[in-house]
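Q: File data_30.cif below, mmCIF, C-alpha atoms; chains and numbers go by the auth columns:
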data_structure
#
loop_
_atom_site.group_PDB
_atom_site.id
_atom_site.type_symbol
_atom_site.label_atom_id
_atom_site.label_comp_id
_atom_site.label_asym_id
_atom_site.label_seq_id
_atom_site.Cartn_x
_atom_site.Cartn_y
_atom_site.Cartn_z
_atom_site.B_iso_or_equiv
_atom_site.auth_seq_id
_atom_site.auth_asym_id
ATOM 1 C CA MET A 1 0.000 0.000 0.000 0.00 39 H
ATOM 2 C CA ILE A 2 1.286 3.443 -0.973 0.00 40 H
ATOM 3 C CA ASP A 3 1.769 6.040 1.750 0.00 41 H
ATOM 4 C CA SER A 4 2.244 9.538 0.304 0.00 42 H
ATOM 5 C CA SER A 5 3.937 10.731 3.512 0.00 43 H
ATOM 6 C CA LEU A 6 6.904 8.470 2.781 0.00 44 H
ATOM 7 C CA ILE A 7 9.471 9.976 0.434 0.00 45 H
ATOM 8 C CA ALA A 8 12.157 8.079 -1.468 0.00 46 H
ATOM 9 C CA LEU A 9 14.830 10.682 -2.186 0.00 47 H
ATOM 10 C CA SER A 10 15.957 10.429 -5.800 0.00 48 H
ATOM 11 C CA SER A 11 19.477 11.457 -6.657 0.00 49 H
ATOM 12 C CA THR A 12 22.179 11.386 -9.343 0.00 50 H
ATOM 13 C CA ILE A 13 25.741 10.183 -8.909 0.00 51 H
ATOM 14 C CA GLU A 14 28.725 9.742 -11.184 0.00 52 H
ATOM 15 C CA ALA A 15 30.764 6.568 -11.675 0.00 53 H
ATOM 16 C CA ILE A 16 33.885 5.782 -13.670 0.00 54 H
ATOM 17 C CA GLU A 17 33.602 2.879 -16.105 0.00 55 H
ATOM 18 C CA ASP A 18 34.985 -0.388 -14.666 0.00 56 H
ATOM 19 C CA LYS A 19 35.221 1.116 -11.153 0.00 57 H
ATOM 20 C CA SER A 20 32.848 0.793 -8.222 0.00 58 H
ATOM 21 C CA VAL A 21 31.067 3.679 -6.539 0.00 59 H
ATOM 22 C CA SER A 22 29.341 3.754 -3.137 0.00 60 H
ATOM 23 C CA PHE A 23 26.233 5.735 -2.320 0.00 61 H
ATOM 24 C CA HIS A 24 23.318 5.803 0.146 0.00 62 H
ATOM 25 C CA PHE A 25 19.627 5.175 -0.380 0.00 63 H
ATOM 26 C CA ARG A 26 17.837 7.909 1.574 0.00 64 H
ATOM 27 C CA GLY A 27 14.253 8.577 2.580 0.00 65 H
ATOM 28 C CA GLU A 28 12.005 10.560 4.914 0.00 66 H
ATOM 29 C CA ASP A 29 8.741 10.212 6.778 0.00 67 H
ATOM 30 C CA LYS A 30 6.663 13.406 6.476 0.00 68 H
ATOM 31 C CA SER A 31 3.765 12.091 8.585 0.00 69 H
ATOM 32 C CA GLY A 32 5.245 13.356 11.857 0.00 70 H
ATOM 33 C CA LEU A 33 5.285 9.818 13.292 0.00 71 H
ATOM 34 C CA ASN A 34 9.090 9.622 12.970 0.00 72 H
ATOM 35 C CA ARG A 35 8.864 5.998 11.936 0.00 73 H
ATOM 36 C CA THR A 36 11.941 3.829 11.413 0.00 74 H
ATOM 37 C CA LEU A 37 12.342 3.254 7.691 0.00 75 H
ATOM 38 C CA LYS A 38 13.549 0.373 5.554 0.00 76 H
ATOM 39 C CA VAL A 39 14.653 0.337 1.910 0.00 77 H
ATOM 40 C CA LYS A 40 13.352 -1.988 -0.776 0.00 78 H
ATOM 41 C CA VAL A 41 15.291 -2.284 -4.042 0.00 79 H
ATOM 42 C CA ASN A 42 12.710 -2.600 -6.818 0.00 80 H
ATOM 43 C CA GLU A 43 14.792 -2.743 -9.984 0.00 81 H
ATOM 44 C CA ILE A 44 18.539 -2.756 -10.630 0.00 82 H
ATOM 45 C CA SER A 45 20.030 -1.515 -13.882 0.00 83 H
ATOM 46 C CA ARG A 46 20.965 -4.273 -16.310 0.00 84 H
ATOM 47 C CA HIS A 47 24.220 -2.362 -16.952 0.00 85 H
ATOM 48 C CA GLY A 48 25.822 -3.253 -13.629 0.00 86 H
ATOM 49 C CA LYS A 49 25.683 -4.995 -10.265 0.00 87 H
ATOM 50 C CA LEU A 50 24.553 -3.654 -6.899 0.00 88 H
ATOM 51 C CA PHE A 51 26.032 -4.833 -3.604 0.00 89 H
ATOM 52 C CA GLY A 52 24.695 -4.361 -0.088 0.00 90 H
ATOM 53 C CA TYR A 53 26.488 -4.485 3.251 0.00 91 H
ATOM 54 C CA ASP A 54 25.614 -6.663 6.222 0.00 92 H
ATOM 55 C CA ASN A 55 27.892 -7.047 9.225 0.00 93 H
ATOM 56 C CA ASN A 56 26.179 -10.340 10.048 0.00 94 H
ATOM 57 C CA LYS A 57 27.123 -11.687 6.593 0.00 95 H
ATOM 58 C CA ASN A 58 30.747 -10.598 6.729 0.00 96 H
ATOM 59 C CA GLY A 59 30.341 -7.508 4.582 0.00 97 H
ATOM 60 C CA GLU A 60 29.365 -7.184 0.939 0.00 98 H
ATOM 61 C CA PHE A 61 26.821 -9.335 -0.900 0.00 99 H
ATOM 62 C CA LEU A 62 25.132 -9.190 -4.311 0.00 100 H
ATOM 63 C CA LEU A 63 21.626 -7.713 -4.462 0.00 101 H
ATOM 64 C CA ALA A 64 18.734 -8.636 -6.734 0.00 102 H
ATOM 65 C CA ASN A 65 15.421 -7.021 -7.670 0.00 103 H
ATOM 66 C CA ASN A 66 12.612 -6.780 -5.088 0.00 104 H
ATOM 67 C CA VAL A 67 14.718 -7.288 -1.966 0.00 105 H
ATOM 68 C CA PHE A 68 14.816 -5.513 1.412 0.00 106 H
ATOM 69 C CA LEU A 69 18.164 -4.077 2.460 0.00 107 H
ATOM 70 C CA PRO A 70 19.635 -4.793 5.887 0.00 108 H
ATOM 71 C CA GLY A 71 19.694 -1.851 8.250 0.00 109 H
ATOM 72 C CA SER A 72 17.287 0.989 8.922 0.00 110 H
ATOM 73 C CA ILE A 73 16.979 4.750 8.483 0.00 111 H
ATOM 74 C CA VAL A 74 16.022 6.351 11.788 0.00 112 H
ATOM 75 C CA TYR A 75 14.715 9.803 12.595 0.00 113 H
ATOM 76 C CA PRO A 76 15.873 12.530 11.858 0.00 114 H
ATOM 77 C CA TYR A 77 16.870 10.637 8.687 0.00 115 H
ATOM 78 C CA HIS A 78 20.308 12.177 8.195 0.00 116 H
ATOM 79 C CA ASP A 79 21.841 8.824 7.338 0.00 117 H
ATOM 80 C CA GLY A 80 20.924 6.393 4.585 0.00 118 H
ATOM 81 C CA ILE A 81 21.681 2.766 3.757 0.00 119 H
ATOM 82 C CA LEU A 82 25.020 2.225 2.055 0.00 120 H
ATOM 83 C CA VAL A 83 25.346 0.212 -1.175 0.00 121 H
ATOM 84 C CA ASN A 84 28.016 -0.256 -3.808 0.00 122 H
ATOM 85 C CA PHE A 85 27.487 -0.183 -7.612 0.00 123 H
ATOM 86 C CA MET A 86 29.825 -1.655 -10.212 0.00 124 H
ATOM 87 C CA SER A 87 29.162 -0.993 -13.899 0.00 125 H
ATOM 88 C CA ASN A 88 29.538 -3.848 -16.354 0.00 126 H
ATOM 89 C CA LYS A 89 33.056 -4.383 -17.668 0.00 127 H
ATOM 90 C CA ASP A 90 33.688 -2.349 -20.815 0.00 128 H
ATOM 91 C CA PHE A 91 30.382 -0.580 -20.262 0.00 129 H
ATOM 92 C CA PHE A 92 31.110 1.658 -23.237 0.00 130 H
ATOM 93 C CA ASN A 93 32.277 0.901 -26.720 0.00 131 H
ATOM 94 C CA GLU A 94 32.912 4.505 -27.648 0.00 132 H
ATOM 95 C CA PRO A 95 35.963 6.704 -28.265 0.00 133 H
ATOM 96 C CA TYR A 96 37.187 8.550 -25.180 0.00 134 H
ATOM 97 C CA SER A 97 37.138 11.886 -27.007 0.00 135 H
ATOM 98 C CA SER A 98 33.324 11.851 -27.162 0.00 136 H
ATOM 99 C CA GLU A 99 33.076 12.001 -23.337 0.00 137 H
ATOM 100 C CA ARG A 100 29.633 10.416 -23.542 0.00 138 H
ATOM 101 C CA ARG A 101 27.782 9.375 -20.406 0.00 139 H
ATOM 102 C CA SER A 102 24.973 6.971 -19.682 0.00 140 H
ATOM 103 C CA LEU A 103 21.678 8.405 -18.480 0.00 141 H
ATOM 104 C CA ASP A 104 19.730 5.136 -18.521 0.00 142 H
ATOM 105 C CA CYS A 105 21.739 3.385 -15.807 0.00 143 H
ATOM 106 C CA SER A 106 19.114 3.655 -13.072 0.00 144 H
ATOM 107 C CA ILE A 107 18.146 1.910 -9.861 0.00 145 H
ATOM 108 C CA TYR A 108 14.582 2.194 -8.528 0.00 146 H
ATOM 109 C CA PHE A 109 13.813 1.834 -4.833 0.00 147 H
ATOM 110 C CA SER A 110 11.062 2.421 -2.283 0.00 148 H
ATOM 111 C CA ILE A 111 10.999 3.527 1.335 0.00 149 H
ATOM 112 C CA ILE A 112 9.149 1.137 3.660 0.00 150 H
ATOM 113 C CA ALA A 113 7.536 1.911 7.022 0.00 151 H
ATOM 114 C CA PRO A 114 5.433 -0.210 9.431 0.00 152 H
ATOM 115 C CA LEU A 115 1.680 0.094 9.287 0.00 153 H
ATOM 116 C CA ALA A 116 1.305 -0.952 12.921 0.00 154 H
ATOM 117 C CA ALA A 117 4.124 -2.092 15.219 0.00 155 H
ATOM 118 C CA PRO A 118 7.735 -1.124 14.394 0.00 156 H
ATOM 119 C CA ALA A 119 8.683 -4.782 14.156 0.00 157 H
ATOM 120 C CA ALA A 120 6.470 -5.149 11.088 0.00 158 H
ATOM 121 C CA ALA A 121 9.070 -3.370 8.947 0.00 159 H
ATOM 122 C CA GLU A 122 11.460 -6.255 9.535 0.00 160 H
ATOM 123 C CA THR A 123 9.351 -8.737 7.594 0.00 161 H
ATOM 124 C CA ASN A 124 8.323 -8.937 3.960 0.00 162 H
ATOM 125 C CA ASP A 125 4.550 -9.131 4.418 0.00 163 H
ATOM 126 C CA THR A 126 1.465 -6.891 4.115 0.00 164 H
ATOM 127 C CA THR A 127 1.885 -5.076 7.427 0.00 165 H
ATOM 128 C CA PHE A 128 3.903 -2.223 5.943 0.00 166 H
ATOM 129 C CA VAL A 129 3.335 0.711 3.625 0.00 167 H
ATOM 130 C CA GLU A 130 5.703 2.056 1.017 0.00 168 H
ATOM 131 C CA SER A 131 6.546 5.232 -0.837 0.00 169 H
ATOM 132 C CA LEU A 132 6.291 5.929 -4.522 0.00 170 H
ATOM 133 C CA PRO A 133 9.492 4.701 -6.204 0.00 171 H
ATOM 134 C CA GLY A 134 12.608 6.834 -6.096 0.00 172 H
ATOM 135 C CA ARG A 135 15.294 6.733 -8.761 0.00 173 H
ATOM 136 C CA MET A 136 19.068 6.690 -8.460 0.00 174 H
ATOM 137 C CA VAL A 137 20.559 7.797 -11.784 0.00 175 H
ATOM 138 C CA ILE A 138 24.150 6.685 -12.309 0.00 176 H
ATOM 139 C CA LYS A 139 26.112 8.554 -14.956 0.00 177 H
ATOM 140 C CA VAL A 140 28.900 6.219 -15.998 0.00 178 H
ATOM 141 C CA VAL A 141 31.834 8.193 -17.392 0.00 179 H
ATOM 142 C CA ASN A 142 33.588 6.603 -20.358 0.00 180 H
ATOM 143 C CA THR A 143 37.282 5.752 -20.108 0.00 181 H
ATOM 144 C CA ASN A 144 39.760 5.082 -22.889 0.00 182 H
ATOM 145 C CA ASP A 145 40.601 1.385 -22.733 0.00 183 H
ATOM 146 C CA ALA A 146 44.175 0.736 -23.836 0.00 184 H
ATOM 147 C CA PRO A 147 44.631 -1.283 -27.050 0.00 185 H
ATOM 148 C CA ASN A 148 46.712 -4.432 -27.043 0.00 186 H
ATOM 149 C CA LEU A 149 49.223 -5.368 -29.747 0.00 187 H
ATOM 150 C CA ASN A 150 49.995 -9.074 -30.136 0.00 188 H
ATOM 151 C CA VAL A 151 52.954 -10.042 -32.330 0.00 189 H
ATOM 152 C CA PRO A 152 54.020 -13.712 -32.142 0.00 190 H
ATOM 153 C CA PHE A 153 57.779 -14.196 -31.774 0.00 191 H
ATOM 154 C CA THR A 154 59.423 -15.573 -34.911 0.00 192 H
ATOM 155 C CA GLU A 155 62.930 -15.870 -36.320 0.00 193 H
ATOM 156 C CA ASN A 156 63.367 -15.636 -40.089 0.00 194 H
ATOM 157 C CA VAL A 157 66.342 -15.641 -42.443 0.00 195 H
ATOM 158 C CA VAL A 158 66.251 -13.633 -45.660 0.00 196 H
ATOM 159 C CA GLU A 159 68.762 -13.062 -48.382 0.00 197 H
ATOM 160 C CA THR A 160 70.069 -9.647 -49.316 0.00 198 H
ATOM 161 C CA PHE A 161 68.136 -8.401 -52.311 0.00 199 H
ATOM 162 C CA SER A 162 70.042 -8.301 -55.568 0.00 200 H
ATOM 163 C CA SER A 163 69.277 -8.711 -59.211 0.00 201 H
ATOM 164 C CA LEU A 164 71.078 -12.039 -59.113 0.00 202 H
ATOM 165 C CA SER A 165 68.697 -13.496 -56.513 0.00 203 H
ATOM 166 C CA TRP A 166 65.549 -11.886 -57.859 0.00 204 H
ATOM 167 C CA ASP A 167 63.082 -14.462 -59.109 0.00 205 H
ATOM 168 C CA ARG A 168 60.602 -12.452 -61.156 0.00 206 H
ATOM 169 C CA ASN A 169 57.895 -15.137 -61.022 0.00 207 H
ATOM 170 C CA GLU A 170 58.022 -15.673 -57.272 0.00 208 H
ATOM 171 C CA CYS A 171 58.887 -12.202 -55.883 0.00 209 H
ATOM 172 C CA THR A 172 56.493 -9.992 -57.814 0.00 210 H
ATOM 173 C CA LYS A 173 54.450 -7.376 -55.988 0.00 211 H
ATOM 174 C CA GLY A 174 51.894 -8.940 -53.681 0.00 212 H
ATOM 175 C CA ARG A 175 53.357 -12.449 -53.881 0.00 213 H
ATOM 176 C CA VAL A 176 55.602 -13.991 -51.255 0.00 214 H
ATOM 177 C CA THR A 177 56.431 -17.692 -51.510 0.00 215 H
ATOM 178 C CA SER A 178 59.110 -19.986 -50.154 0.00 216 H
ATOM 179 C CA LYS A 179 61.091 -19.495 -53.360 0.00 217 H
ATOM 180 C CA CYS A 180 61.338 -15.748 -52.758 0.00 218 H
ATOM 181 C CA LYS A 181 64.416 -15.665 -50.525 0.00 219 H
ATOM 182 C CA SER A 182 64.511 -11.888 -50.024 0.00 220 H
ATOM 183 C CA LYS A 183 61.023 -11.590 -48.464 0.00 221 H
ATOM 184 C CA PHE A 184 59.108 -13.092 -45.578 0.00 222 H
ATOM 185 C CA VAL A 185 55.599 -12.591 -44.168 0.00 223 H
ATOM 186 C CA VAL A 186 54.815 -11.594 -40.582 0.00 224 H
ATOM 187 C CA ASP A 187 51.608 -13.482 -39.817 0.00 225 H
ATOM 188 C CA ASN A 188 49.092 -13.245 -36.975 0.00 226 H
ATOM 189 C CA MET A 189 49.858 -9.682 -35.926 0.00 227 H
ATOM 190 C CA LYS A 190 46.734 -8.529 -34.073 0.00 228 H
ATOM 191 C CA VAL A 191 45.530 -5.278 -32.511 0.00 229 H
ATOM 192 C CA ASN A 192 42.763 -5.715 -29.941 0.00 230 H
ATOM 193 C CA ASP A 193 40.777 -2.745 -28.640 0.00 231 H
ATOM 194 C CA VAL A 194 37.508 -3.015 -26.711 0.00 232 H
ATOM 195 C CA ASP A 195 36.700 0.500 -27.948 0.00 233 H
ATOM 196 C CA GLY A 196 37.209 -0.746 -31.491 0.00 234 H
ATOM 197 C CA ASN A 197 35.229 0.030 -34.642 0.00 235 H
ATOM 198 C CA LEU A 198 34.526 3.557 -33.403 0.00 236 H
ATOM 199 C CA ASP A 199 37.933 5.204 -33.299 0.00 237 H
ATOM 200 C CA PHE A 200 41.256 4.821 -35.068 0.00 238 H
ATOM 201 C CA VAL A 201 44.144 2.928 -33.491 0.00 239 H
ATOM 202 C CA ARG A 202 47.634 3.964 -34.546 0.00 240 H
ATOM 203 C CA VAL A 203 50.272 1.258 -34.966 0.00 241 H
ATOM 204 C CA ASP A 204 53.899 2.272 -35.607 0.00 242 H
ATOM 205 C CA ILE A 205 56.127 -0.324 -37.290 0.00 243 H
ATOM 206 C CA SER A 206 59.724 0.195 -38.319 0.00 244 H
ATOM 207 C CA SER A 207 62.611 -1.825 -39.681 0.00 245 H
ATOM 208 C CA SER A 208 66.277 -1.131 -38.986 0.00 246 H
ATOM 209 C CA HIS A 209 67.416 -2.840 -42.201 0.00 247 H
ATOM 210 C CA GLY A 210 64.973 -3.407 -45.012 0.00 248 H
ATOM 211 C CA ILE A 211 61.597 -2.312 -46.329 0.00 249 H
ATOM 212 C CA LEU A 212 58.192 -3.081 -44.824 0.00 250 H
ATOM 213 C CA SER A 213 55.048 -3.333 -46.901 0.00 251 H
ATOM 214 C CA LEU A 214 51.392 -4.060 -46.181 0.00 252 H
ATOM 215 C CA ASN A 215 49.448 -6.791 -47.855 0.00 253 H
ATOM 216 C CA GLU A 216 47.246 -5.182 -50.492 0.00 254 H
ATOM 217 C CA VAL A 217 44.132 -6.970 -49.223 0.00 255 H
ATOM 218 C CA HIS A 218 44.298 -4.836 -46.022 0.00 256 H
ATOM 219 C CA LEU A 219 44.760 -1.447 -47.668 0.00 257 H
ATOM 220 C CA ASN A 220 41.017 -0.705 -47.711 0.00 258 H
ATOM 221 C CA LYS A 221 40.993 -0.979 -43.894 0.00 259 H
ATOM 222 C CA THR A 222 43.951 1.345 -43.409 0.00 260 H
ATOM 223 C CA ASP A 223 44.052 5.122 -43.001 0.00 261 H
ATOM 224 C CA PHE A 224 47.435 6.834 -43.323 0.00 262 H
ATOM 225 C CA THR A 225 46.230 10.375 -42.593 0.00 263 H
ATOM 226 C CA SER A 226 43.822 10.420 -39.620 0.00 264 H
ATOM 227 C CA CYS A 227 46.463 9.231 -37.147 0.00 265 H
ATOM 228 C CA SER A 228 49.495 10.847 -38.775 0.00 266 H
ATOM 229 C CA ASN A 229 49.888 13.477 -36.039 0.00 267 H
ATOM 230 C CA ARG A 230 50.975 12.340 -32.602 0.00 268 H
ATOM 231 C CA SER A 231 49.247 13.603 -29.497 0.00 269 H
ATOM 232 C CA GLN A 232 49.785 12.861 -25.843 0.00 270 H
ATOM 233 C CA ILE A 233 46.958 12.462 -23.321 0.00 271 H
ATOM 234 C CA GLN A 234 47.952 13.471 -19.809 0.00 272 H
#
Would you mind writing the file out in structure tokens?
A:
Amino acid sequence: MIDSSLIALSSTIEAIEDKSVSFHFRGEDKSGLNRTLKVKVNEISRHGKLFGYDNNKNGEFLLANNVFLPGSIVYPYHDGILVNFMSNKDFFNEPYSSERRSLDCSIYFSIIAPLAAPAAAETNDTTFVESLPGRMVIKVVNTNDAPNLNVPFTENVVETFSSLSWDRNECTKGRVTSKCKSKFVVDNMKVNDVDGNLDFVRVDISSSHGILSLNEVHLNKTDFTSCSNRSQIQ
């Protein structure tokens, strides 16, 4: 049953992607009865996990929808009930430069008070009343996830290029075979980036002796201008 004198205090907090943030559920009783209040979590955002605290359960535990939190909010309601939110890993798949934030990462909760005896608020039955739902909005700030370059270790022997060793049929542009002794292919070089497909990743490759070339089949996926200028992010 809804009691309009109970207020679930909505609020907005900020969280960094892949890092936890603690906050309090807060509420008030405007009836003048100064009732002891409980908190019921109605719905948790699908974009993260919510953890409660209980000294009798050795600290932190995972919360689900439609559960009562341990602890109480007592008059004059200065304190709330502490919880901890962790956004899903790699919450964003966006470039850092956009600085986009999530506005749909919300948790809905209600404030519960006893209808009769104070002990009624300790049980999940019909002897309590509740507030209209409050909403905790969590703005998750995007972070730039570092890319990972994977180059398998190999040792290769090549001959010094000369017209005497040049086999026109086997060393033509775009072809590298075992008969072409002055070339070899670096296979399985991979760049992994969880923020991929939305921003460019620059890869610098150099050779102390020789010439490097890119397989023609990959040229349509390569941009030699967008990342040509270096910049440093503090």
Q: Pick the closest to Ile82 (chain H) from H:Arg173, H:Lys57, H:His256, H:His62: which is it, counting all atoms listed in the file?
A: H:Arg173
Q: What's the separation between CA of Leu75 (chain H) and CA of Phe89 (chain H), in Å to one decimal place?
A: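 Computing it gives 19.5 Å between the two atoms.
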Q: Would you list the residues near (57.8, -9.5, -35.1) (no more than 12 Å away, in the coordinates of the file, using all atoms listed in the file) as a compact mmCIF listing (two decimals) with C-alpha atoms, in the frame of the given file?
A:
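Output contents, as saved in out_27.txt:
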# COMPACT_ATOMS: atom_id res chain seq x y z
CA LEU H 187 49.22 -5.37 -29.75
CA ASN H 188 50.00 -9.07 -30.14
CA VAL H 189 52.95 -10.04 -32.33
CA PRO H 190 54.02 -13.71 -32.14
CA PHE H 191 57.78 -14.20 -31.77
CA THR H 192 59.42 -15.57 -34.91
CA GLU H 193 62.93 -15.87 -36.32
CA ASN H 194 63.37 -15.64 -40.09
CA PHE H 222 59.11 -13.09 -45.58
CA VAL H 223 55.60 -12.59 -44.17
CA VAL H 224 54.82 -11.59 -40.58
CA ASP H 225 51.61 -13.48 -39.82
CA ASN H 226 49.09 -13.24 -36.98
CA MET H 227 49.86 -9.68 -35.93
CA LYS H 228 46.73 -8.53 -34.07
CA ILE H 243 56.13 -0.32 -37.29
CA SER H 244 59.72 0.20 -38.32
CA SER H 245 62.61 -1.82 -39.68
CA LEU H 250 58.19 -3.08 -44.82
Q: I need the residue set behind the PyMOL selection byres ((chain H and resi 117-122) around 12) for this file; please write it as a ChimeraX atom specification.
A: /H:46-47,51,53,57-66,74-79,82,86-92,97-101,106-116,123-125,145,147,149,174,176
Q: Please indicate the distance in Å from CA of Ala151 (chain H) to CA of Ser169 (chain H), rounded to one decimal place.
A: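 A separation of 8.6 Å between them.
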Q: In Å, how far is it from CA of Ile40 (chain H) to CA of Pro152 (chain H)?
A: 11.8 Å
Q: Is it possible to get the axis-aligned box enclosing region 178-182 of chain H (all listed atoms, 3 Å extra per side) as JSON, with centre and edge lengths in Å rounded to one decimal?
A:
{"center_x": 34.3, "center_y": 6.6, "center_z": -19.4, "size_x": 16.9, "size_y": 9.1, "size_z": 12.9}
